[in-house]
Amino acid sequence: MALMNRDLCSLHYPINLSNTELQVKECRILKFGCNGKKKLMSVKASASGTGNSKSIDTINGKKINGVHVGQRGNVVIEPGSSSSSSSSSVNHSYMLGNFVDERFVYRQSFVIRSYEIGPDKTATMETIMNLLQETALNHVANSGVGSNGFGATREMSLRKLIWVVTRIQIKVEQYSSWGDVVEIDTWVDASGKNGMRRDWIIRDSNTRNIITKATSIWVIMNRETRKLSKIPEQVKAEVRPFYINKFAIPTAQIDSEKIEKLNDETAQIITSGLAVRRIMHPRWSDMDANQHVNNVKYIGWILESVPINVLEDCNLMSLTLEYRRECQLSNVLQSMTTMREIATSESDKNSGMECTHLIRMEADQAEVVRARSIWQPKQ
């Protein structure tokens, strides 16, 4: 079944389709010739009835999900350069965002899709984490220092090194709904002698309000030995030009307090505590390109041990995760949660809930992830 060039060009979109302007600048179609070999055919199509010949690959004026169809280039520009963002480093056109703030900040827009929302039709915490991770990886890929590794630089790949996150905090002011467009900024800075801090902010592209802030600490691990490593000077030289002393979450609001160690004994004596355990079995689909469970997967496992009435009646407003060890495909895990009432506003001294979480190995009870979450009743 072949789609001919003339047929594609005759496709039309309604002008009033959710007030959305769409134009496909270039489509590539795989066709099979008589010899069974695939052939790549490029054709062009545009939205009919707009009366506008300019290039449009946006929704409501925003570039969506990193897709910049038809844009090409391979120019690497150092941070601080006065060159325009049109000369941004491009590794893959489908991963392209743009650099702002003298190229120290990478910006990318996304639309919240139907499979990224929960029962209340808003984006889930896992969706937010996935978008943060995607923006971070694309930042590296388009910076000019990335290699074919999973967010690794060239010097890291030569030394078989990878980045691993040790701690991340996410503060949510408002959850996006299905169809909303969000704009994510990310940047990096040094964290001590052998760490890197990565921050993000998420804006609602319509109101321009900041709706989510996040900060994280990353260290380097050897891909083969699975042991932590100091950052080599060659790697520091690659990433140092991108460092900017800027904080998404003010230092006074960063959750730097120690997350309490949770076990069977301490869970029983916590005031107003409720201990819940669930058994988890990592699946093949939970693994990532660094050959361990993806850090986003732990959020779902943590929420498995949160009582259903909390999930239904409250919003998860803050989540801090402390990653303590890797998890492999063969591991069997336990998820535990304790809860206590807290004041989330000055007007109500018991208006919210603070949970302490633990993901641990079932075999030897070794800690995998500690976490703390803050919940607020839905309005």
# chains A, B, ... in the order shown; residues from 1 in each chain; ligands from 1
call {"tool": "select_by_dssp", "arguments": {"residues": "segment 75-240 of chain A", "states": "strand (DSSP E)", "output": "ChimeraX atom specification"}}
result
/A:98-100,105-111,161-172,181-191,195-204,210-222,228-229
call {"tool": "residues_around", "arguments": {"residues": "segment 281-296 of chain A", "least_positions_apart": "4", "cutoff": "8 Å", "atoms": "only C-alpha atoms", "output": "ChimeraX atom specification"}}
result
/A:126,129-130,150,162,165,223,300,326-333
call {"tool": "residues_around", "arguments": {"residues": "Leu131 of chain A", "least_positions_apart": "5", "cutoff": "9 Å", "atoms": "only C-alpha atoms", "output": "PyMOL selection string"}}
result
chain A and resi 110+126+136+184
call {"tool": "write_last_selection", "arguments": {"atoms": "all heavy atoms", "output": "PDB file, in the first residue's frame"}}
result
ATOM      1  N   PHE A 110       7.270  20.666  25.225  1.00  0.00           N
ATOM      2  CA  PHE A 110       6.586  19.382  25.090  1.00  0.00           C
ATOM      3  C   PHE A 110       5.091  19.581  25.246  1.00  0.00           C
ATOM      4  O   PHE A 110       4.635  20.465  25.977  1.00  0.00           O
ATOM      5  CB  PHE A 110       7.044  18.385  26.171  1.00  0.00           C
ATOM      6  CG  PHE A 110       8.511  18.055  26.135  1.00  0.00           C
ATOM      7  CD1 PHE A 110       9.430  18.840  26.811  1.00  0.00           C
ATOM      8  CD2 PHE A 110       8.977  16.948  25.441  1.00  0.00           C
ATOM      9  CE1 PHE A 110      10.777  18.550  26.790  1.00  0.00           C
ATOM     10  CE2 PHE A 110      10.325  16.647  25.408  1.00  0.00           C
ATOM     11  CZ  PHE A 110      11.232  17.448  26.086  1.00  0.00           C
ATOM     12  N   GLU A 126       5.696  10.685  37.337  1.00  0.00           N
ATOM     13  CA  GLU A 126       6.581   9.952  36.428  1.00  0.00           C
ATOM     14  C   GLU A 126       6.739  10.689  35.099  1.00  0.00           C
ATOM     15  O   GLU A 126       7.844  10.738  34.539  1.00  0.00           O
ATOM     16  CB  GLU A 126       6.038   8.541  36.167  1.00  0.00           C
ATOM     17  CG  GLU A 126       6.081   7.624  37.367  1.00  0.00           C
ATOM     18  CD  GLU A 126       4.732   7.533  38.057  1.00  0.00           C
ATOM     19  OE1 GLU A 126       4.082   8.593  38.236  1.00  0.00           O
ATOM     20  OE2 GLU A 126       4.323   6.427  38.421  1.00  0.00           O
ATOM     21  N   ALA A 136      17.408  16.855  29.796  1.00  0.00           N
ATOM     22  CA  ALA A 136      18.814  16.780  30.198  1.00  0.00           C
ATOM     23  C   ALA A 136      19.644  16.042  29.153  1.00  0.00           C
ATOM     24  O   ALA A 136      20.741  16.481  28.781  1.00  0.00           O
ATOM     25  CB  ALA A 136      18.929  16.091  31.552  1.00  0.00           C
ATOM     26  N   ILE A 184      10.530  23.633  29.189  1.00  0.00           N
ATOM     27  CA  ILE A 184      11.480  23.212  30.225  1.00  0.00           C
ATOM     28  C   ILE A 184      12.849  23.825  29.963  1.00  0.00           C
ATOM     29  O   ILE A 184      13.377  23.728  28.857  1.00  0.00           O
ATOM     30  CB  ILE A 184      11.594  21.677  30.274  1.00  0.00           C
ATOM     31  CG1 ILE A 184      10.212  21.051  30.493  1.00  0.00           C
ATOM     32  CG2 ILE A 184      12.548  21.246  31.387  1.00  0.00           C
ATOM     33  CD1 ILE A 184      10.220  19.538  30.531  1.00  0.00           C
TER      34      ILE A 184
END
call {"tool": "atom_distance", "arguments": {"atom1": "atom CA of Glu312 of chain A", "atom2": "atom CA of Ser351 of chain A"}}
result
15.5 Å
call {"tool": "atom_distance", "arguments": {"atom1": "atom CA of Ile211 of chain A", "atom2": "atom CA of Thr251 of chain A"}}
result
18.2 Å
call {"tool": "closest_residue", "arguments": {"among": "A:Ala343, A:Val235, A:Ser256, A:Arg226", "to": "Leu158 of chain A", "atoms": "only C-alpha atoms"}}
result
A:Val235
call {"tool": "residues_around", "arguments": {"residues": "Gly118 of chain A", "least_positions_apart": "4", "cutoff": "12 Å", "atoms": "only C-alpha atoms", "output": "PDB file with N, CA, C and O atoms, in the first residue's frame"}}
result
ATOM      1  N   ILE A 112       1.690  17.664  26.644  1.00  0.00           N
ATOM      2  CA  ILE A 112       1.302  16.566  27.529  1.00  0.00           C
ATOM      3  C   ILE A 112       0.320  15.674  26.783  1.00  0.00           C
ATOM      4  O   ILE A 112      -0.757  16.112  26.379  1.00  0.00           O
ATOM      5  N   ARG A 113       0.700  14.423  26.605  1.00  0.00           N
ATOM      6  CA  ARG A 113      -0.090  13.492  25.797  1.00  0.00           C
ATOM      7  C   ARG A 113      -1.026  12.648  26.663  1.00  0.00           C
ATOM      8  O   ARG A 113      -0.880  12.584  27.877  1.00  0.00           O
ATOM      9  N   SER A 114      -1.963  11.991  26.000  1.00  0.00           N
ATOM     10  CA  SER A 114      -3.008  11.263  26.724  1.00  0.00           C
ATOM     11  C   SER A 114      -2.455  10.139  27.582  1.00  0.00           C
ATOM     12  O   SER A 114      -2.997   9.827  28.645  1.00  0.00           O
ATOM     13  N   THR A 122      -4.348  14.858  34.715  1.00  0.00           N
ATOM     14  CA  THR A 122      -3.174  15.709  34.800  1.00  0.00           C
ATOM     15  C   THR A 122      -1.917  14.851  34.699  1.00  0.00           C
ATOM     16  O   THR A 122      -1.950  13.644  34.955  1.00  0.00           O
ATOM     17  N   ALA A 123      -0.819  15.494  34.339  1.00  0.00           N
ATOM     18  CA  ALA A 123       0.447  14.776  34.194  1.00  0.00           C
ATOM     19  C   ALA A 123       0.848  14.128  35.512  1.00  0.00           C
ATOM     20  O   ALA A 123       0.661  14.696  36.590  1.00  0.00           O
ATOM     21  N   THR A 124       1.404  12.942  35.437  1.00  0.00           N
ATOM     22  CA  THR A 124       1.846  12.239  36.630  1.00  0.00           C
ATOM     23  C   THR A 124       3.264  12.683  37.000  1.00  0.00           C
ATOM     24  O   THR A 124       3.964  13.303  36.204  1.00  0.00           O
ATOM     25  N   MET A 125       3.679  12.346  38.224  1.00  0.00           N
ATOM     26  CA  MET A 125       5.047  12.649  38.635  1.00  0.00           C
ATOM     27  C   MET A 125       6.051  11.901  37.762  1.00  0.00           C
ATOM     28  O   MET A 125       7.133  12.423  37.452  1.00  0.00           O
ATOM     29  N   GLU A 126       5.696  10.685  37.337  1.00  0.00           N
ATOM     30  CA  GLU A 126       6.581   9.952  36.428  1.00  0.00           C
ATOM     31  C   GLU A 126       6.739  10.689  35.099  1.00  0.00           C
ATOM     32  O   GLU A 126       7.844  10.738  34.539  1.00  0.00           O
ATOM     33  N   THR A 127       5.665  11.287  34.609  1.00  0.00           N
ATOM     34  CA  THR A 127       5.749  12.071  33.371  1.00  0.00           C
ATOM     35  C   THR A 127       6.697  13.243  33.536  1.00  0.00           C
ATOM     36  O   THR A 127       7.540  13.512  32.670  1.00  0.00           O
ATOM     37  N   ILE A 128       6.575  13.944  34.642  1.00  0.00           N
ATOM     38  CA  ILE A 128       7.457  15.082  34.897  1.00  0.00           C
ATOM     39  C   ILE A 128       8.908  14.632  34.917  1.00  0.00           C
ATOM     40  O   ILE A 128       9.779  15.243  34.287  1.00  0.00           O
ATOM     41  N   TYR A 175       0.024  21.024  38.334  1.00  0.00           N
ATOM     42  CA  TYR A 175       0.175  19.941  37.368  1.00  0.00           C
ATOM     43  C   TYR A 175      -0.471  20.328  36.047  1.00  0.00           C
ATOM     44  O   TYR A 175      -1.567  20.891  36.014  1.00  0.00           O
ATOM     45  N   SER A 176       0.209  20.023  34.959  1.00  0.00           N
ATOM     46  CA  SER A 176      -0.328  20.283  33.628  1.00  0.00           C
ATOM     47  C   SER A 176      -1.404  19.264  33.285  1.00  0.00           C
ATOM     48  O   SER A 176      -1.401  18.137  33.796  1.00  0.00           O
ATOM     49  N   SER A 177      -2.284  19.657  32.399  1.00  0.00           N
ATOM     50  CA  SER A 177      -3.375  18.794  31.962  1.00  0.00           C
ATOM     51  C   SER A 177      -3.102  18.258  30.567  1.00  0.00           C
ATOM     52  O   SER A 177      -2.193  18.725  29.862  1.00  0.00           O
ATOM     53  N   TRP A 178      -3.880  17.310  30.175  1.00  0.00           N
ATOM     54  CA  TRP A 178      -3.780  16.723  28.833  1.00  0.00           C
ATOM     55  C   TRP A 178      -3.895  17.815  27.770  1.00  0.00           C
ATOM     56  O   TRP A 178      -4.828  18.610  27.774  1.00  0.00           O
ATOM     57  N   GLY A 300       7.024   5.056  40.612  1.00  0.00           N
ATOM     58  CA  GLY A 300       5.838   4.198  40.583  1.00  0.00           C
ATOM     59  C   GLY A 300       5.857   3.164  41.682  1.00  0.00           C
ATOM     60  O   GLY A 300       4.822   2.884  42.306  1.00  0.00           O
ATOM     61  N   LEU A 311      -3.702   8.855  47.459  1.00  0.00           N
ATOM     62  CA  LEU A 311      -3.538   9.059  46.016  1.00  0.00           C
ATOM     63  C   LEU A 311      -4.770   9.723  45.408  1.00  0.00           C
ATOM     64  O   LEU A 311      -4.649  10.547  44.490  1.00  0.00           O
ATOM     65  N   GLU A 312      -5.941   9.390  45.902  1.00  0.00           N
ATOM     66  CA  GLU A 312      -7.184   9.933  45.340  1.00  0.00           C
ATOM     67  C   GLU A 312      -7.474  11.347  45.821  1.00  0.00           C
ATOM     68  O   GLU A 312      -7.973  12.177  45.050  1.00  0.00           O
ATOM     69  N   ASN A 315      -2.697  15.848  46.313  1.00  0.00           N
ATOM     70  CA  ASN A 315      -1.721  16.069  45.245  1.00  0.00           C
ATOM     71  C   ASN A 315      -0.316  15.919  45.797  1.00  0.00           C
ATOM     72  O   ASN A 315      -0.016  16.399  46.898  1.00  0.00           O
TER      73      ASN A 315
END
call {"tool": "closest_residue", "arguments": {"among": "A:Ser229, A:Gln108, A:Gln133, A:Gln376", "to": "Asp313 of chain A", "atoms": "only C-alpha atoms"}}
result
A:Gln376
call {"tool": "closest_residue", "arguments": {"among": "A:Asn309, A:Thr320, A:Ser191, A:Asn263", "to": "Glu362 of chain A", "atoms": "only C-alpha atoms"}}
result
A:Asn263
call {"tool": "closest_residue", "arguments": {"among": "A:Gln334, A:Lys160, A:Val145, A:Leu319", "to": "Thr225 of chain A", "atoms": "only C-alpha atoms"}}
result
A:Lys160
call {"tool": "residues_around", "arguments": {"residues": "segment 195-198 of chain A", "least_positions_apart": "6", "cutoff": "12 Å", "atoms": "only C-alpha atoms", "output": "number ranges by chain"}}
result
A: 104-106, 132-133, 135-137, 139-140, 163-170, 185-189, 213-221, 228-232, 235-236, 239-240, 242-249
call {"tool": "atom_distance", "arguments": {"atom1": "atom CA of Ala141 of chain A", "atom2": "atom CA of Ile201 of chain A"}}
result
19.3 Å
call {"tool": "closest_residue", "arguments": {"among": "A:Glu224, A:Glu233, A:Glu173, A:Glu367", "to": "Asn194 of chain A", "atoms": "only C-alpha atoms"}}
result
A:Glu233
call {"tool": "residues_around", "arguments": {"residues": "Ser335 of chain A", "least_positions_apart": "2", "cutoff": "7 Å", "atoms": "only C-alpha atoms", "output": "list in words"}}
result
Arg277, Arg278, Ile279, Trp301, Ile302, Ser305, Leu333, Thr337, Leu358, Ile359 and Arg360 of chain A
call {"tool": "write_last_selection", "arguments": {"atoms": "N, CA, C and O atoms", "output": "tab-separated table (two decimals), in the first residue's frame"}}
result
chain	number	residue	atom	x	y	z
A	277	ARG	N	3.79	-2.47	52.93
A	277	ARG	CA	4.84	-3.08	52.13
A	277	ARG	C	4.26	-3.71	50.87
A	277	ARG	O	3.20	-4.30	50.90
A	278	ARG	N	5.00	-3.58	49.79
A	278	ARG	CA	4.62	-4.21	48.53
A	278	ARG	C	5.86	-4.88	47.96
A	278	ARG	O	6.98	-4.40	48.12
A	279	ILE	N	5.66	-5.96	47.25
A	279	ILE	CA	6.76	-6.68	46.62
A	279	ILE	C	6.85	-6.27	45.15
A	279	ILE	O	5.84	-6.25	44.44
A	301	TRP	N	7.02	2.59	41.95
A	301	TRP	CA	7.13	1.59	43.01
A	301	TRP	C	6.90	2.22	44.39
A	301	TRP	O	6.28	1.61	45.25
A	302	ILE	N	7.41	3.43	44.58
A	302	ILE	CA	7.18	4.14	45.84
A	302	ILE	C	5.69	4.39	46.04
A	302	ILE	O	5.14	4.17	47.13
A	305	SER	N	3.06	1.80	47.55
A	305	SER	CA	2.85	1.56	48.98
A	305	SER	C	2.18	2.75	49.67
A	305	SER	O	2.10	2.79	50.90
A	333	LEU	N	12.24	-6.56	45.13
A	333	LEU	CA	12.26	-5.38	45.98
A	333	LEU	C	11.04	-5.31	46.88
A	333	LEU	O	9.99	-5.88	46.59
A	337	THR	N	6.24	2.54	53.21
A	337	THR	CA	5.87	3.94	53.41
A	337	THR	C	5.38	4.15	54.83
A	337	THR	O	4.65	3.34	55.37
A	358	LEU	N	10.79	3.86	51.45
A	358	LEU	CA	12.00	3.06	51.27
A	358	LEU	C	11.75	1.97	50.24
A	358	LEU	O	10.74	1.26	50.30
A	359	ILE	N	12.67	1.86	49.29
A	359	ILE	CA	12.73	0.70	48.40
A	359	ILE	C	13.97	-0.09	48.82
A	359	ILE	O	15.07	0.46	48.86
A	360	ARG	N	13.79	-1.36	49.15
A	360	ARG	CA	14.92	-2.18	49.60
A	360	ARG	C	14.87	-3.55	48.96
A	360	ARG	O	13.83	-3.99	48.46
call {"tool": "select_by_dssp", "arguments": {"residues": "segment 213-320 of chain A", "states": "helix (DSSP H, G or I)", "output": "PDB file with N, CA and C atoms, in the first residue's frame"}}
result
ATOM      1  N   GLU A 233      39.988  15.008  34.893  1.00  0.00           N
ATOM      2  CA  GLU A 233      40.209  16.394  34.502  1.00  0.00           C
ATOM      3  C   GLU A 233      39.756  16.640  33.067  1.00  0.00           C
ATOM      4  N   GLN A 234      39.904  15.613  32.206  1.00  0.00           N
ATOM      5  CA  GLN A 234      39.482  15.773  30.812  1.00  0.00           C
ATOM      6  C   GLN A 234      37.967  15.969  30.717  1.00  0.00           C
ATOM      7  N   VAL A 235      37.223  15.293  31.580  1.00  0.00           N
ATOM      8  CA  VAL A 235      35.771  15.447  31.591  1.00  0.00           C
ATOM      9  C   VAL A 235      35.391  16.807  32.172  1.00  0.00           C
ATOM     10  N   LYS A 236      36.084  17.221  33.228  1.00  0.00           N
ATOM     11  CA  LYS A 236      35.815  18.538  33.804  1.00  0.00           C
ATOM     12  C   LYS A 236      36.028  19.634  32.760  1.00  0.00           C
ATOM     13  N   ALA A 237      37.070  19.460  31.949  1.00  0.00           N
ATOM     14  CA  ALA A 237      37.343  20.454  30.909  1.00  0.00           C
ATOM     15  C   ALA A 237      36.220  20.522  29.887  1.00  0.00           C
ATOM     16  N   GLU A 238      35.535  19.394  29.653  1.00  0.00           N
ATOM     17  CA  GLU A 238      34.422  19.375  28.694  1.00  0.00           C
ATOM     18  C   GLU A 238      33.192  20.086  29.237  1.00  0.00           C
ATOM     19  N   VAL A 239      32.877  19.843  30.500  1.00  0.00           N
ATOM     20  CA  VAL A 239      31.607  20.331  31.046  1.00  0.00           C
ATOM     21  C   VAL A 239      31.723  21.686  31.731  1.00  0.00           C
ATOM     22  N   ARG A 240      32.931  22.060  32.167  1.00  0.00           N
ATOM     23  CA  ARG A 240      33.099  23.310  32.913  1.00  0.00           C
ATOM     24  C   ARG A 240      32.614  24.543  32.146  1.00  0.00           C
ATOM     25  N   PRO A 241      32.813  24.638  30.818  1.00  0.00           N
ATOM     26  CA  PRO A 241      32.314  25.827  30.104  1.00  0.00           C
ATOM     27  C   PRO A 241      30.805  26.001  30.162  1.00  0.00           C
ATOM     28  N   PHE A 242      30.070  24.955  30.545  1.00  0.00           N
ATOM     29  CA  PHE A 242      28.612  25.046  30.582  1.00  0.00           C
ATOM     30  C   PHE A 242      28.087  25.376  31.980  1.00  0.00           C
ATOM     31  N   THR A 251      18.394  28.034  47.782  1.00  0.00           N
ATOM     32  CA  THR A 251      19.132  27.130  48.681  1.00  0.00           C
ATOM     33  C   THR A 251      18.402  26.911  50.007  1.00  0.00           C
ATOM     34  N   ALA A 252      17.691  27.924  50.476  1.00  0.00           N
ATOM     35  CA  ALA A 252      16.967  27.789  51.748  1.00  0.00           C
ATOM     36  C   ALA A 252      15.799  26.811  51.640  1.00  0.00           C
ATOM     37  N   GLN A 253      15.315  26.561  50.415  1.00  0.00           N
ATOM     38  CA  GLN A 253      14.162  25.675  50.233  1.00  0.00           C
ATOM     39  C   GLN A 253      14.559  24.275  49.747  1.00  0.00           C
ATOM     40  N   ASP A 264      11.447  -2.291  59.568  1.00  0.00           N
ATOM     41  CA  ASP A 264      10.254  -2.839  60.214  1.00  0.00           C
ATOM     42  C   ASP A 264      10.065  -2.305  61.625  1.00  0.00           C
ATOM     43  N   GLU A 265      11.157  -2.111  62.361  1.00  0.00           N
ATOM     44  CA  GLU A 265      11.056  -1.665  63.740  1.00  0.00           C
ATOM     45  C   GLU A 265      10.702  -0.185  63.840  1.00  0.00           C
ATOM     46  N   THR A 266      11.438   0.656  63.127  1.00  0.00           N
ATOM     47  CA  THR A 266      11.175   2.090  63.223  1.00  0.00           C
ATOM     48  C   THR A 266       9.817   2.457  62.646  1.00  0.00           C
ATOM     49  N   ALA A 267       9.357   1.744  61.682  1.00  0.00           N
ATOM     50  CA  ALA A 267       8.059   2.057  61.086  1.00  0.00           C
ATOM     51  C   ALA A 267       6.934   1.892  62.093  1.00  0.00           C
ATOM     52  N   GLN A 268       7.071   0.986  63.028  1.00  0.00           N
ATOM     53  CA  GLN A 268       6.013   0.721  63.987  1.00  0.00           C
ATOM     54  C   GLN A 268       5.943   1.777  65.081  1.00  0.00           C
ATOM     55  N   ILE A 269       6.993   2.537  65.312  1.00  0.00           N
ATOM     56  CA  ILE A 269       6.984   3.479  66.427  1.00  0.00           C
ATOM     57  C   ILE A 269       6.866   4.928  65.975  1.00  0.00           C
ATOM     58  N   TRP A 284      11.993  -6.292  32.233  1.00  0.00           N
ATOM     59  CA  TRP A 284      12.921  -5.905  31.183  1.00  0.00           C
ATOM     60  C   TRP A 284      12.674  -4.456  30.747  1.00  0.00           C
ATOM     61  N   SER A 285      11.419  -4.072  30.679  1.00  0.00           N
ATOM     62  CA  SER A 285      11.074  -2.717  30.241  1.00  0.00           C
ATOM     63  C   SER A 285      11.453  -1.651  31.270  1.00  0.00           C
ATOM     64  N   ASP A 286      11.810  -2.053  32.484  1.00  0.00           N
ATOM     65  CA  ASP A 286      12.227  -1.105  33.511  1.00  0.00           C
ATOM     66  C   ASP A 286      13.701  -0.717  33.384  1.00  0.00           C
ATOM     67  N   LYS A 297      11.518   4.797  37.287  1.00  0.00           N
ATOM     68  CA  LYS A 297      10.691   3.648  37.645  1.00  0.00           C
ATOM     69  C   LYS A 297      10.439   3.570  39.141  1.00  0.00           C
ATOM     70  N   TYR A 298      11.386   4.057  39.937  1.00  0.00           N
ATOM     71  CA  TYR A 298      11.236   3.951  41.386  1.00  0.00           C
ATOM     72  C   TYR A 298      10.052   4.761  41.898  1.00  0.00           C
ATOM     73  N   ILE A 299       9.684   5.815  41.185  1.00  0.00           N
ATOM     74  CA  ILE A 299       8.555   6.629  41.638  1.00  0.00           C
ATOM     75  C   ILE A 299       7.279   5.801  41.676  1.00  0.00           C
ATOM     76  N   GLY A 300       7.024   5.056  40.612  1.00  0.00           N
ATOM     77  CA  GLY A 300       5.838   4.198  40.583  1.00  0.00           C
ATOM     78  C   GLY A 300       5.857   3.164  41.682  1.00  0.00           C
ATOM     79  N   TRP A 301       7.020   2.592  41.946  1.00  0.00           N
ATOM     80  CA  TRP A 301       7.126   1.587  43.011  1.00  0.00           C
ATOM     81  C   TRP A 301       6.899   2.217  44.386  1.00  0.00           C
ATOM     82  N   ILE A 302       7.409   3.434  44.576  1.00  0.00           N
ATOM     83  CA  ILE A 302       7.177   4.137  45.839  1.00  0.00           C
ATOM     84  C   ILE A 302       5.691   4.390  46.044  1.00  0.00           C
ATOM     85  N   LEU A 303       5.017   4.835  44.997  1.00  0.00           N
ATOM     86  CA  LEU A 303       3.596   5.155  45.119  1.00  0.00           C
ATOM     87  C   LEU A 303       2.735   3.913  45.307  1.00  0.00           C
ATOM     88  N   GLU A 304       3.268   2.741  44.972  1.00  0.00           N
ATOM     89  CA  GLU A 304       2.523   1.497  45.181  1.00  0.00           C
ATOM     90  C   GLU A 304       2.221   1.260  46.658  1.00  0.00           C
ATOM     91  N   ILE A 308      -4.453   4.223  49.034  1.00  0.00           N
ATOM     92  CA  ILE A 308      -5.231   4.686  47.892  1.00  0.00           C
ATOM     93  C   ILE A 308      -5.981   5.976  48.187  1.00  0.00           C
ATOM     94  N   ASN A 309      -6.421   6.172  49.432  1.00  0.00           N
ATOM     95  CA  ASN A 309      -7.164   7.399  49.757  1.00  0.00           C
ATOM     96  C   ASN A 309      -6.270   8.633  49.658  1.00  0.00           C
ATOM     97  N   VAL A 310      -4.978   8.482  49.930  1.00  0.00           N
ATOM     98  CA  VAL A 310      -4.046   9.593  49.768  1.00  0.00           C
ATOM     99  C   VAL A 310      -3.862   9.897  48.281  1.00  0.00           C
ATOM    100  N   LEU A 311      -3.702   8.855  47.459  1.00  0.00           N
ATOM    101  CA  LEU A 311      -3.538   9.059  46.016  1.00  0.00           C
ATOM    102  C   LEU A 311      -4.770   9.723  45.408  1.00  0.00           C
ATOM    103  N   GLU A 312      -5.941   9.390  45.902  1.00  0.00           N
ATOM    104  CA  GLU A 312      -7.184   9.933  45.340  1.00  0.00           C
ATOM    105  C   GLU A 312      -7.474  11.347  45.821  1.00  0.00           C
ATOM    106  N   ASP A 313      -7.171  11.639  47.085  1.00  0.00           N
ATOM    107  CA  ASP A 313      -7.627  12.889  47.698  1.00  0.00           C
ATOM    108  C   ASP A 313      -6.555  13.971  47.791  1.00  0.00           C
TER     109      ASP A 313
END
call {"tool": "decode", "arguments": {"residues": "segment 161-190 of chain A", "atoms": "C-alpha atoms", "output": "short mmCIF file (atom, residue, chain, number, x, y, z; two decimals), in the first residue's frame"}}
result
data_model
loop_
_atom_site.label_atom_id
_atom_site.label_comp_id
_atom_site.auth_asym_id
_atom_site.auth_seq_id
_atom_site.Cartn_x
_atom_site.Cartn_y
_atom_site.Cartn_z
CA LEU A 161 32.10 6.26 32.46
CA ILE A 162 28.43 7.14 32.90
CA TRP A 163 26.43 9.69 34.92
CA VAL A 164 24.25 8.45 37.78
CA VAL A 165 21.92 10.55 39.89
CA THR A 166 22.33 10.39 43.67
CA ARG A 167 19.63 12.82 44.79
CA ILE A 168 16.80 14.73 43.15
CA GLN A 169 14.11 17.05 44.49
CA ILE A 170 11.00 18.10 42.57
CA LYS A 171 8.61 20.83 43.76
CA VAL A 172 5.31 21.10 41.91
CA GLU A 173 3.14 24.21 42.08
CA GLN A 174 0.65 23.08 39.45
CA TYR A 175 0.18 19.94 37.37
CA SER A 176 -0.33 20.28 33.63
CA SER A 177 -3.37 18.79 31.96
CA TRP A 178 -3.78 16.72 28.83
CA GLY A 179 -2.95 18.85 25.80
CA ASP A 180 -1.07 21.55 27.72
CA VAL A 181 2.26 22.72 26.34
CA VAL A 182 5.12 23.07 28.80
CA GLU A 183 8.52 24.68 28.35
CA ILE A 184 11.48 23.21 30.22
CA ASP A 185 14.78 24.96 30.96
CA THR A 186 17.80 23.05 32.24
CA TRP A 187 21.38 23.95 33.16
CA VAL A 188 24.33 22.56 35.12
CA ASP A 189 26.89 23.63 37.70
CA ALA A 190 29.59 22.00 39.78
#
